file query-v4.pdb (PDB, C-alpha atoms, pLDDT in the B column)
ATOM      1  CA  MET Q   1       8.412  18.517  -2.112  1.00 65.00           C
ATOM      2  CA  ALA Q   2       6.170  17.872  -5.119  1.00 78.00           C
ATOM      3  CA  ALA Q   3       7.237  15.202  -7.597  1.00 88.00           C
ATOM      4  CA  PRO Q   4       8.856  16.639 -10.751  1.00 93.00           C
ATOM      5  CA  LEU Q   5       6.988  16.934 -14.035  1.00 95.00           C
ATOM      6  CA  TYR Q   6       8.142  14.998 -17.109  1.00 97.00           C
ATOM      7  CA  ALA Q   7       7.668  17.906 -19.527  1.00 96.00           C
ATOM      8  CA  GLY Q   8       7.612  21.691 -19.391  1.00 94.00           C
ATOM      9  CA  LEU Q   9       4.753  24.150 -19.571  1.00 93.00           C
ATOM     10  CA  ALA Q  10       6.307  25.824 -22.615  1.00 93.00           C
ATOM     11  CA  ASP Q  11       6.198  22.509 -24.511  1.00 94.00           C
ATOM     12  CA  LEU Q  12       2.573  21.966 -23.495  1.00 94.00           C
ATOM     13  CA  ARG Q  13       1.640  25.497 -24.602  1.00 93.00           C
ATOM     14  CA  GLU Q  14       3.288  24.832 -27.968  1.00 93.00           C
ATOM     15  CA  MET Q  15       1.421  21.531 -28.357  1.00 92.00           C
ATOM     16  CA  LEU Q  16      -1.866  23.339 -27.681  1.00 92.00           C
ATOM     17  CA  ASN Q  17      -0.968  26.234 -30.030  1.00 91.00           C
ATOM     18  CA  LEU Q  18      -1.059  28.736 -27.164  1.00 90.00           C
ATOM     19  CA  ALA Q  19       1.142  31.808 -27.204  1.00 89.00           C
ATOM     20  CA  ASP Q  20       4.255  31.330 -25.100  1.00 84.00           C
ATOM     21  CA  ALA Q  21       3.663  34.695 -23.428  1.00 85.00           C
ATOM     22  CA  ASP Q  22       0.097  33.701 -22.476  1.00 83.00           C
ATOM     23  CA  THR Q  23       0.349  32.520 -18.868  1.00 83.00           C
ATOM     24  CA  SER Q  24      -3.354  33.000 -18.072  1.00 85.00           C
ATOM     25  CA  ARG Q  25      -4.009  29.250 -18.335  1.00 87.00           C
ATOM     26  CA  ASP Q  26      -0.900  28.107 -16.439  1.00 90.00           C
ATOM     27  CA  ASN Q  27      -2.857  26.850 -13.418  1.00 93.00           C
ATOM     28  CA  LEU Q  28      -5.022  24.607 -15.608  1.00 94.00           C
ATOM     29  CA  LEU Q  29      -2.028  23.495 -17.675  1.00 95.00           C
ATOM     30  CA  THR Q  30       0.046  22.687 -14.576  1.00 95.00           C
ATOM     31  CA  THR Q  31      -2.841  20.698 -13.089  1.00 95.00           C
ATOM     32  CA  ALA Q  32      -3.245  18.722 -16.326  1.00 95.00           C
ATOM     33  CA  LEU Q  33       0.504  18.085 -16.644  1.00 96.00           C
ATOM     34  CA  THR Q  34       0.789  16.994 -13.015  1.00 96.00           C
ATOM     35  CA  ALA Q  35      -2.161  14.610 -13.382  1.00 95.00           C
ATOM     36  CA  ALA Q  36      -0.717  13.198 -16.615  1.00 96.00           C
ATOM     37  CA  CYS Q  37       2.704  12.559 -15.034  1.00 97.00           C
ATOM     38  CA  ARG Q  38       1.335  10.930 -11.891  1.00 97.00           C
ATOM     39  CA  GLY Q  39      -1.084   8.890 -14.031  1.00 95.00           C
ATOM     40  CA  ILE Q  40       1.858   7.542 -16.026  1.00 96.00           C
ATOM     41  CA  ASP Q  41       3.577   6.619 -12.749  1.00 96.00           C
ATOM     42  CA  ARG Q  42       0.510   4.678 -11.595  1.00 95.00           C
ATOM     43  CA  ALA Q  43      -0.046   2.979 -14.968  1.00 94.00           C
ATOM     44  CA  THR Q  44       3.574   1.778 -15.234  1.00 95.00           C
ATOM     45  CA  GLY Q  45       4.197   0.988 -11.565  1.00 94.00           C
ATOM     46  CA  ARG Q  46       7.337   3.149 -11.493  1.00 95.00           C
ATOM     47  CA  ARG Q  47       8.418   6.786 -11.545  1.00 95.00           C
ATOM     48  CA  PHE Q  48      10.766   8.448 -13.980  1.00 97.00           C
ATOM     49  CA  TYR Q  49      12.579  10.970 -11.784  1.00 96.00           C
ATOM     50  CA  LEU Q  50      15.530  10.518  -9.438  1.00 95.00           C
ATOM     51  CA  ASP Q  51      15.536  11.020  -5.677  1.00 95.00           C
ATOM     52  CA  ASP Q  52      17.787  13.840  -4.491  1.00 94.00           C
ATOM     53  CA  THR Q  53      19.347  11.699  -1.767  1.00 95.00           C
ATOM     54  CA  ALA Q  54      19.896   8.014  -1.095  1.00 96.00           C
ATOM     55  CA  THR Q  55      17.438   6.262   1.237  1.00 96.00           C
ATOM     56  CA  ALA Q  56      17.206   2.694   2.496  1.00 96.00           C
ATOM     57  CA  ARG Q  57      14.663   0.060   1.476  1.00 96.00           C
ATOM     58  CA  VAL Q  58      14.520  -3.460   2.904  1.00 95.00           C
ATOM     59  CA  TYR Q  59      13.746  -6.535   0.785  1.00 94.00           C
ATOM     60  CA  ARG Q  60      12.908 -10.105   1.679  1.00 91.00           C
ATOM     61  CA  PRO Q  61      14.801 -12.313  -0.801  1.00 90.00           C
ATOM     62  CA  ALA Q  62      12.093 -14.997  -0.910  1.00 86.00           C
ATOM     63  CA  GLY Q  63      10.044 -14.395  -4.037  1.00 85.00           C
ATOM     64  CA  ARG Q  64      12.367 -11.634  -5.299  1.00 89.00           C
ATOM     65  CA  THR Q  65      15.310 -13.741  -6.499  1.00 88.00           C
ATOM     66  CA  VAL Q  66      15.824 -15.206  -9.936  1.00 87.00           C
ATOM     67  CA  CYS Q  67      18.454 -17.926 -10.306  1.00 87.00           C
ATOM     68  CA  GLY Q  68      20.589 -18.107 -13.433  1.00 83.00           C
ATOM     69  CA  ASP Q  69      23.897 -19.532 -14.660  1.00 84.00           C
ATOM     70  CA  ASP Q  70      25.727 -16.401 -13.510  1.00 84.00           C
ATOM     71  CA  GLY Q  71      24.224 -16.306  -9.992  1.00 85.00           C
ATOM     72  CA  GLU Q  72      21.156 -15.031  -8.175  1.00 89.00           C
ATOM     73  CA  ARG Q  73      19.457 -11.800  -9.154  1.00 92.00           C
ATOM     74  CA  LEU Q  74      17.616  -9.906  -6.436  1.00 94.00           C
ATOM     75  CA  VAL Q  75      14.870  -7.849  -8.096  1.00 94.00           C
ATOM     76  CA  VAL Q  76      14.752  -4.340  -6.590  1.00 96.00           C
ATOM     77  CA  ASP Q  77      12.930  -1.087  -7.244  1.00 96.00           C
ATOM     78  CA  ASP Q  78      14.462   1.152  -9.922  1.00 97.00           C
ATOM     79  CA  ILE Q  79      17.884   2.479  -8.880  1.00 98.00           C
ATOM     80  CA  GLY Q  80      18.841   5.586 -10.854  1.00 97.00           C
ATOM     81  CA  SER Q  81      22.376   6.284  -9.618  1.00 96.00           C
ATOM     82  CA  ALA Q  82      25.391   4.405  -8.259  1.00 94.00           C
ATOM     83  CA  THR Q  83      26.133   7.352  -5.969  1.00 94.00           C
ATOM     84  CA  GLY Q  84      25.528   6.330  -2.367  1.00 93.00           C
ATOM     85  CA  LEU Q  85      24.610   2.741  -3.310  1.00 96.00           C
ATOM     86  CA  VAL Q  86      25.076   0.427  -0.310  1.00 96.00           C
ATOM     87  CA  VAL Q  87      23.913  -3.194  -0.111  1.00 95.00           C
ATOM     88  CA  GLU Q  88      23.681  -4.984   3.249  1.00 93.00           C
ATOM     89  CA  THR Q  89      22.309  -8.318   4.459  1.00 91.00           C
ATOM     90  CA  GLY Q  90      21.040  -9.370   7.859  1.00 89.00           C
ATOM     91  CA  MET Q  91      18.228  -8.224  10.083  1.00 83.00           C
ATOM     92  CA  SER Q  92      17.284  -5.091  11.969  1.00 76.00           C
ATOM     93  CA  GLY Q  93      20.191  -4.024  14.157  1.00 78.00           C
ATOM     94  CA  ALA Q  94      22.666  -6.473  12.613  1.00 88.00           C
ATOM     95  CA  TRP Q  95      23.550  -5.531   9.032  1.00 91.00           C
ATOM     96  CA  SER Q  96      26.667  -6.640   7.120  1.00 90.00           C
ATOM     97  CA  THR Q  97      27.812  -4.676   4.084  1.00 91.00           C
ATOM     98  CA  LEU Q  98      28.169  -6.615   0.820  1.00 89.00           C
ATOM     99  CA  THR Q  99      30.640  -5.752  -1.917  1.00 88.00           C
ATOM    100  CA  ASP Q 100      30.533  -8.915  -4.061  1.00 89.00           C
ATOM    101  CA  TYR Q 101      27.571  -8.034  -6.265  1.00 92.00           C
ATOM    102  CA  ASP Q 102      26.998  -6.518  -9.705  1.00 94.00           C
ATOM    103  CA  THR Q 103      24.180  -4.326 -10.921  1.00 95.00           C
ATOM    104  CA  SER Q 104      21.821  -5.582 -13.599  1.00 94.00           C
ATOM    105  CA  PRO Q 105      21.092  -5.110 -16.442  1.00 94.00           C
ATOM    106  CA  ASP Q 106      24.652  -4.488 -17.580  1.00 93.00           C
ATOM    107  CA  ASN Q 107      25.457  -0.840 -18.392  1.00 95.00           C
ATOM    108  CA  ALA Q 108      21.936   0.277 -17.464  1.00 96.00           C
ATOM    109  CA  LEU Q 109      23.000   3.587 -15.917  1.00 95.00           C
ATOM    110  CA  ALA Q 110      25.295   4.365 -18.862  1.00 95.00           C
ATOM    111  CA  ARG Q 111      22.220   4.056 -21.118  1.00 95.00           C
ATOM    112  CA  ASP Q 112      20.072   6.274 -18.837  1.00 95.00           C
ATOM    113  CA  ARG Q 113      18.105   3.245 -17.684  1.00 96.00           C
ATOM    114  CA  PRO Q 114      17.713   2.137 -14.067  1.00 97.00           C
ATOM    115  CA  VAL Q 115      19.323  -0.784 -12.296  1.00 97.00           C
ATOM    116  CA  THR Q 116      16.491  -3.246 -11.595  1.00 96.00           C
ATOM    117  CA  ALA Q 117      18.363  -6.144  -9.992  1.00 95.00           C
ATOM    118  CA  LEU Q 118      21.490  -6.959  -8.019  1.00 95.00           C
ATOM    119  CA  LEU Q 119      23.493 -10.012  -9.126  1.00 94.00           C
ATOM    120  CA  SER Q 120      25.456 -12.140  -6.660  1.00 89.00           C
ATOM    121  CA  THR Q 121      27.251 -15.467  -7.071  1.00 79.00           C
ATOM    122  CA  ALA Q 122      26.313 -16.228  -3.439  1.00 81.00           C
ATOM    123  CA  SER Q 123      22.814 -16.684  -2.046  1.00 80.00           C
ATOM    124  CA  TRP Q 124      20.915 -13.582  -0.984  1.00 79.00           C
ATOM    125  CA  GLY Q 125      19.774 -15.449   2.117  1.00 70.00           C
ATOM    126  CA  THR Q 126      16.862 -17.523   3.283  1.00 66.00           C
ATOM    127  CA  GLY Q 127      14.359 -17.528   6.119  1.00 66.00           C
ATOM    128  CA  ALA Q 128      14.254 -14.305   8.112  1.00 70.00           C
ATOM    129  CA  ALA Q 129      17.286 -12.750   6.361  1.00 84.00           C
ATOM    130  CA  ARG Q 130      16.701  -9.442   4.645  1.00 91.00           C
ATOM    131  CA  VAL Q 131      18.610  -7.271   2.183  1.00 93.00           C
ATOM    132  CA  ARG Q 132      18.812  -3.551   2.855  1.00 94.00           C
ATOM    133  CA  VAL Q 133      19.601  -1.386  -0.160  1.00 96.00           C
ATOM    134  CA  THR Q 134      20.455   2.290   0.218  1.00 97.00           C
ATOM    135  CA  ALA Q 135      20.210   4.088  -3.115  1.00 97.00           C
ATOM    136  CA  GLN Q 136      18.879   7.021  -5.095  1.00 97.00           C
ATOM    137  CA  TRP Q 137      15.632   5.517  -6.353  1.00 97.00           C
ATOM    138  CA  GLY Q 138      14.011   6.295  -9.684  1.00 97.00           C
ATOM    139  CA  TRP Q 139      15.306   6.833 -13.207  1.00 97.00           C
ATOM    140  CA  PRO Q 140      18.521   8.639 -14.110  1.00 96.00           C
ATOM    141  CA  ALA Q 141      16.747  10.612 -16.860  1.00 96.00           C
ATOM    142  CA  VAL Q 142      13.194  10.957 -18.171  1.00 97.00           C
ATOM    143  CA  PRO Q 143      12.857   8.850 -21.355  1.00 97.00           C
ATOM    144  CA  GLU Q 144      11.709  10.723 -24.458  1.00 97.00           C
ATOM    145  CA  GLU Q 145       8.675   8.438 -24.780  1.00 97.00           C
ATOM    146  CA  ILE Q 146       7.545   9.331 -21.264  1.00 98.00           C
ATOM    147  CA  GLU Q 147       7.973  13.055 -21.926  1.00 97.00           C
ATOM    148  CA  GLN Q 148       5.883  12.788 -25.115  1.00 97.00           C
ATOM    149  CA  ALA Q 149       3.229  10.648 -23.414  1.00 97.00           C
ATOM    150  CA  ALA Q 150       2.962  13.212 -20.610  1.00 97.00           C
ATOM    151  CA  LEU Q 151       2.446  16.028 -23.132  1.00 97.00           C
ATOM    152  CA  ILE Q 152      -0.190  14.121 -25.112  1.00 96.00           C
ATOM    153  CA  GLN Q 153      -2.074  13.107 -21.977  1.00 95.00           C
ATOM    154  CA  ALA Q 154      -1.831  16.591 -20.447  1.00 95.00           C
ATOM    155  CA  ALA Q 155      -3.209  18.153 -23.645  1.00 94.00           C
ATOM    156  CA  ARG Q 156      -6.028  15.619 -23.607  1.00 91.00           C
ATOM    157  CA  LEU Q 157      -6.806  16.379 -19.943  1.00 91.00           C
ATOM    158  CA  TYR Q 158      -6.690  20.129 -20.567  1.00 91.00           C
ATOM    159  CA  ARG Q 159      -9.133  19.815 -23.489  1.00 89.00           C
ATOM    160  CA  ARG Q 160     -11.389  17.550 -21.412  1.00 83.00           C
ATOM    161  CA  LYS Q 161     -13.000  20.643 -19.855  1.00 76.00           C
ATOM    162  CA  ASP Q 162     -14.544  21.244 -23.312  1.00 66.00           C
ATOM    163  CA  SER Q 163     -15.930  17.709 -23.667  1.00 64.00           C
ATOM    164  CA  PRO Q 164     -18.477  17.149 -20.894  1.00 61.00           C
ATOM    165  CA  GLU Q 165     -19.287  13.522 -20.163  1.00 55.00           C
ATOM    166  CA  GLY Q 166     -16.615  12.342 -22.595  1.00 53.00           C
ATOM    167  CA  VAL Q 167     -18.361  13.587 -25.728  1.00 50.00           C
ATOM    168  CA  THR Q 168     -16.837  16.025 -28.192  1.00 54.00           C
ATOM    169  CA  GLY Q 169     -17.876  17.212 -31.605  1.00 51.00           C
ATOM    170  CA  SER Q 170     -16.798  18.980 -34.758  1.00 52.00           C
ATOM    171  CA  ALA Q 171     -18.460  20.180 -37.940  1.00 52.00           C
ATOM    172  CA  GLU Q 172     -16.459  17.650 -39.954  1.00 63.00           C
ATOM    173  CA  TRP Q 173     -16.887  14.509 -37.830  1.00 52.00           C
ATOM    174  CA  GLY Q 174     -20.016  15.214 -35.810  1.00 53.00           C
ATOM    175  CA  VAL Q 175     -20.362  13.958 -32.234  1.00 49.00           C
ATOM    176  CA  VAL Q 176     -17.627  11.587 -31.080  1.00 50.00           C
ATOM    177  CA  ARG Q 177     -17.299   9.725 -27.763  1.00 51.00           C
ATOM    178  CA  LEU Q 178     -13.776   9.870 -26.359  1.00 51.00           C
ATOM    179  CA  SER Q 179     -12.049   6.580 -25.610  1.00 56.00           C
ATOM    180  CA  ARG Q 180     -11.046   5.824 -22.020  1.00 65.00           C
ATOM    181  CA  ARG Q 181      -7.397   5.329 -22.944  1.00 76.00           C
ATOM    182  CA  ASP Q 182      -5.406   7.273 -25.512  1.00 86.00           C
ATOM    183  CA  PRO Q 183      -3.841   4.663 -27.833  1.00 90.00           C
ATOM    184  CA  ASP Q 184      -0.784   6.836 -28.542  1.00 93.00           C
ATOM    185  CA  VAL Q 185      -0.075   7.367 -24.846  1.00 94.00           C
ATOM    186  CA  TRP Q 186      -0.457   3.646 -24.210  1.00 94.00           C
ATOM    187  CA  ALA Q 187       1.865   2.750 -27.096  1.00 95.00           C
ATOM    188  CA  LEU Q 188       4.516   5.079 -25.661  1.00 96.00           C
ATOM    189  CA  ILE Q 189       4.341   3.798 -22.074  1.00 96.00           C
ATOM    190  CA  GLU Q 190       3.416   0.120 -22.288  1.00 95.00           C
ATOM    191  CA  HIS Q 191       6.989  -1.212 -22.576  1.00 94.00           C
ATOM    192  CA  PHE Q 192       7.883   0.662 -19.355  1.00 95.00           C
ATOM    193  CA  ILE Q 193       5.288  -1.204 -17.266  1.00 94.00           C
ATOM    194  CA  VAL Q 194       6.859  -3.193 -14.442  1.00 89.00           C
ATOM    195  CA  PRO Q 195       6.439  -6.918 -15.276  1.00 80.00           C
ATOM    196  CA  GLY Q 196       3.493  -8.354 -13.400  1.00 67.00           C
ATOM    197  CA  PHE Q 197       2.184  -4.865 -12.559  1.00 50.00           C
ATOM    198  CA  GLY Q 198      -0.077  -3.938 -15.482  1.00 45.00           C
TER     199      GLY Q 198
END

call {"tool": "encode", "arguments": {"input": "query-v4.pdb", "output": "structure tokens"}}
result
Amino acid sequence: MAAPLYAGLADLREMLNLADADTSRDNLLTTALTAACRGIDRATGRRFYLDDTATARVYRPAGRTVCGDDGERLVVDDIGSATGLVVETGMSGAWSTLTDYDTSPDNALARDRPVTALLSTASWGTGAARVRVTAQWGWPAVPEEIEQAALIQAARLYRRKDSPEGVTGSAEWGVVRLSRRDPDVWALIEHFIVPGFG
């Protein structure tokens, strides 16, 4: 199944001042919107849609734990739902379910933000021990900034067919070289970048 888009074709048509009934460019628009969405995923190091079902991922605690006054936080990939969330420790073939943990940051899911760490007052383990987390990965909802960034970038990509070699022009401004990175898109997505990723 293809990854979901962060904005709709109707919104992109409106941004480009195209008639809503005009579907003749839908293939080009869909290609641009898909590329914009997946580009945002790559630039931020995360994705902003939620898996349909829970799947398991295994983590090695070494290098992924942060110690604080309230316990140890195990940094995990974005968890977008508490439904089906199961945390286990051990090794392949010998897993023990944990129940004495909290999700972090506090109230993340209630604010349509993902859980990014699991907090435990006990140690997450050392040596060969692993933590297996079964969850619905991703974000609970697409943030408005990501939706807007996807539309801006998709419009830019769609118009790119009219600016060969990155050069565009107008009667008012003359010839202009396009920048590699749209500053508005970057301003909208930069605070979503996974720390240490960008």

call {"tool": "atom_distance", "arguments": {"input": "query-v4.pdb", "atom1": "atom CA of Arg64 of chain Q", "atom2": "atom CA of Ile40 of chain Q"}}
result
24.4 Å

call {"tool": "closest_residue", "arguments": {"input": "query-v4.pdb", "among": "Q:Leu151, Q:Leu28, Q:Val87, Q:Ala122", "to": "Ala56 of chain Q", "atoms": "only C-alpha atoms"}}
result
Q:Val87

call {"tool": "resolve_selection", "arguments": {"input": "query-v4.pdb", "expression": "the PyMOL selection byres ((chain Q and resi 130) around 7)", "output": "ChimeraX atom specification"}}
result
/Q:58-61,89-91,128-129,131-132

call {"tool": "resolve_selection", "arguments": {"input": "query-v4.pdb", "expression": "the PyMOL selection byres ((chain Q and resi 105) around 9)", "output": "list in words"}}
result
Thr103, Ser104, Asp106, Asn107, Ala108, Leu109, Arg113, Pro114, Val115, Thr116, Ala117 and Leu118 of chain Q

call {"tool": "write_last_selection", "arguments": {"input": "query-v4.pdb", "atoms": "C-alpha atoms", "output": "mmCIF file, in the frame of the given file"}}
result
data_model
loop_
_atom_site.group_PDB
_atom_site.id
_atom_site.type_symbol
_atom_site.label_atom_id
_atom_site.label_comp_id
_atom_site.auth_asym_id
_atom_site.auth_seq_id
_atom_site.Cartn_x
_atom_site.Cartn_y
_atom_site.Cartn_z
ATOM 1 C CA THR Q 103 24.180 -4.326 -10.921
ATOM 2 C CA SER Q 104 21.821 -5.582 -13.599
ATOM 3 C CA ASP Q 106 24.652 -4.488 -17.580
ATOM 4 C CA ASN Q 107 25.457 -0.840 -18.392
ATOM 5 C CA ALA Q 108 21.936 0.277 -17.464
ATOM 6 C CA LEU Q 109 23.000 3.587 -15.917
ATOM 7 C CA ARG Q 113 18.105 3.245 -17.684
ATOM 8 C CA PRO Q 114 17.713 2.137 -14.067
ATOM 9 C CA VAL Q 115 19.323 -0.784 -12.296
ATOM 10 C CA THR Q 116 16.491 -3.246 -11.595
ATOM 11 C CA ALA Q 117 18.363 -6.144 -9.992
ATOM 12 C CA LEU Q 118 21.490 -6.959 -8.019
#

call {"tool": "resolve_selection", "arguments": {"input": "query-v4.pdb", "expression": "the PyMOL selection byres ((chain Q and resi 119) around 10)", "output": "ChimeraX atom specification"}}
result
/Q:65-68,70-75,100-105,117-118,120-124

call {"tool": "atom_distance", "arguments": {"input": "query-v4.pdb", "atom1": "atom CA of Arg181 of chain Q", "atom2": "atom CA of Leu18 of chain Q"}}
result
24.6 Å

call {"tool": "closest_residue", "arguments": {"input": "query-v4.pdb", "among": "Q:Thr99, Q:Ala150, Q:Glu144, Q:Ile79", "to": "Pro4 of chain Q", "atoms": "all atoms listed in the file"}}
result
Q:Ala150

call {"tool": "residues_around", "arguments": {"input": "query-v4.pdb", "residues": "Phe48 of chain Q", "least_positions_apart": "5", "cutoff": "6 Å", "atoms": "all atoms listed in the file", "output": "JSON, numbers by chain"}}
result
{"Q": [138, 139, 142]}

call {"tool": "write_last_selection", "arguments": {"input": "query-v4.pdb", "atoms": "C-alpha atoms", "output": "PDB file, in the frame of the given file"}}
result
ATOM      1  CA  GLY Q 138      14.011   6.295  -9.684  1.00 97.00           C
ATOM      2  CA  TRP Q 139      15.306   6.833 -13.207  1.00 97.00           C
ATOM      3  CA  VAL Q 142      13.194  10.957 -18.171  1.00 97.00           C
TER       4      VAL Q 142
END

call {"tool": "closest_residue", "arguments": {"input": "query-v4.pdb", "among": "Q:Thr31, Q:Ala141, Q:Gly84, Q:Arg25", "to": "Ala54 of chain Q", "atoms": "all atoms listed in the file"}}
result
Q:Gly84

call {"tool": "residues_around", "arguments": {"input": "query-v4.pdb", "residues": "Asp184 of chain Q", "least_positions_apart": "5", "cutoff": "9 Å", "atoms": "only C-alpha atoms", "output": "PyMOL selection string"}}
result
chain Q and resi 149+152+189

call {"tool": "atom_distance", "arguments": {"input": "query-v4.pdb", "atom1": "atom CA of Gly80 of chain Q", "atom2": "atom CA of Pro140 of chain Q"}}
result
4.5 Å

call {"tool": "residues_near_point", "arguments": {"input": "query-v4.pdb", "point": "(-5.1, 8.0, -14.1)", "cutoff": "12 Å", "atoms": "all atoms listed in the file", "output": "mmCIF file with C-alpha atoms, in the frame of the given file"}}
result
data_model
loop_
_atom_site.group_PDB
_atom_site.id
_atom_site.type_symbol
_atom_site.label_atom_id
_atom_site.label_comp_id
_atom_site.auth_asym_id
_atom_site.auth_seq_id
_atom_site.Cartn_x
_atom_site.Cartn_y
_atom_site.Cartn_z
ATOM 1 C CA ALA Q 32 -3.245 18.722 -16.326
ATOM 2 C CA LEU Q 33 0.504 18.085 -16.644
ATOM 3 C CA THR Q 34 0.789 16.994 -13.015
ATOM 4 C CA ALA Q 35 -2.161 14.610 -13.382
ATOM 5 C CA ALA Q 36 -0.717 13.198 -16.615
ATOM 6 C CA CYS Q 37 2.704 12.559 -15.034
ATOM 7 C CA ARG Q 38 1.335 10.930 -11.891
ATOM 8 C CA GLY Q 39 -1.084 8.890 -14.031
ATOM 9 C CA ILE Q 40 1.858 7.542 -16.026
ATOM 10 C CA ASP Q 41 3.577 6.619 -12.749
ATOM 11 C CA ARG Q 42 0.510 4.678 -11.595
ATOM 12 C CA ALA Q 43 -0.046 2.979 -14.968
ATOM 13 C CA THR Q 44 3.574 1.778 -15.234
ATOM 14 C CA GLY Q 45 4.197 0.988 -11.565
ATOM 15 C CA ALA Q 150 2.962 13.212 -20.610
ATOM 16 C CA GLN Q 153 -2.074 13.107 -21.977
ATOM 17 C CA ALA Q 154 -1.831 16.591 -20.447
ATOM 18 C CA LEU Q 157 -6.806 16.379 -19.943
ATOM 19 C CA ARG Q 180 -11.046 5.824 -22.020
ATOM 20 C CA ARG Q 181 -7.397 5.329 -22.944
ATOM 21 C CA ASP Q 182 -5.406 7.273 -25.512
ATOM 22 C CA VAL Q 185 -0.075 7.367 -24.846
ATOM 23 C CA TRP Q 186 -0.457 3.646 -24.210
#

call {"tool": "closest_residue", "arguments": {"input": "query-v4.pdb", "among": "Q:Ala110, Q:Ala94, Q:Leu85, Q:Ile146", "to": "Val133 of chain Q", "atoms": "all atoms listed in the file"}}
result
Q:Leu85

call {"tool": "closest_residue", "arguments": {"input": "query-v4.pdb", "among": "Q:Gln136, Q:Ser81, Q:Thr30, Q:Thr23", "to": "Gly8 of chain Q", "atoms": "all atoms listed in the file"}}
result
Q:Thr30

call {"tool": "closest_residue", "arguments": {"input": "query-v4.pdb", "among": "Q:Ile193, Q:Leu50, Q:Leu29, Q:Leu188", "to": "Glu14 of chain Q", "atoms": "all atoms listed in the file"}}
result
Q:Leu29
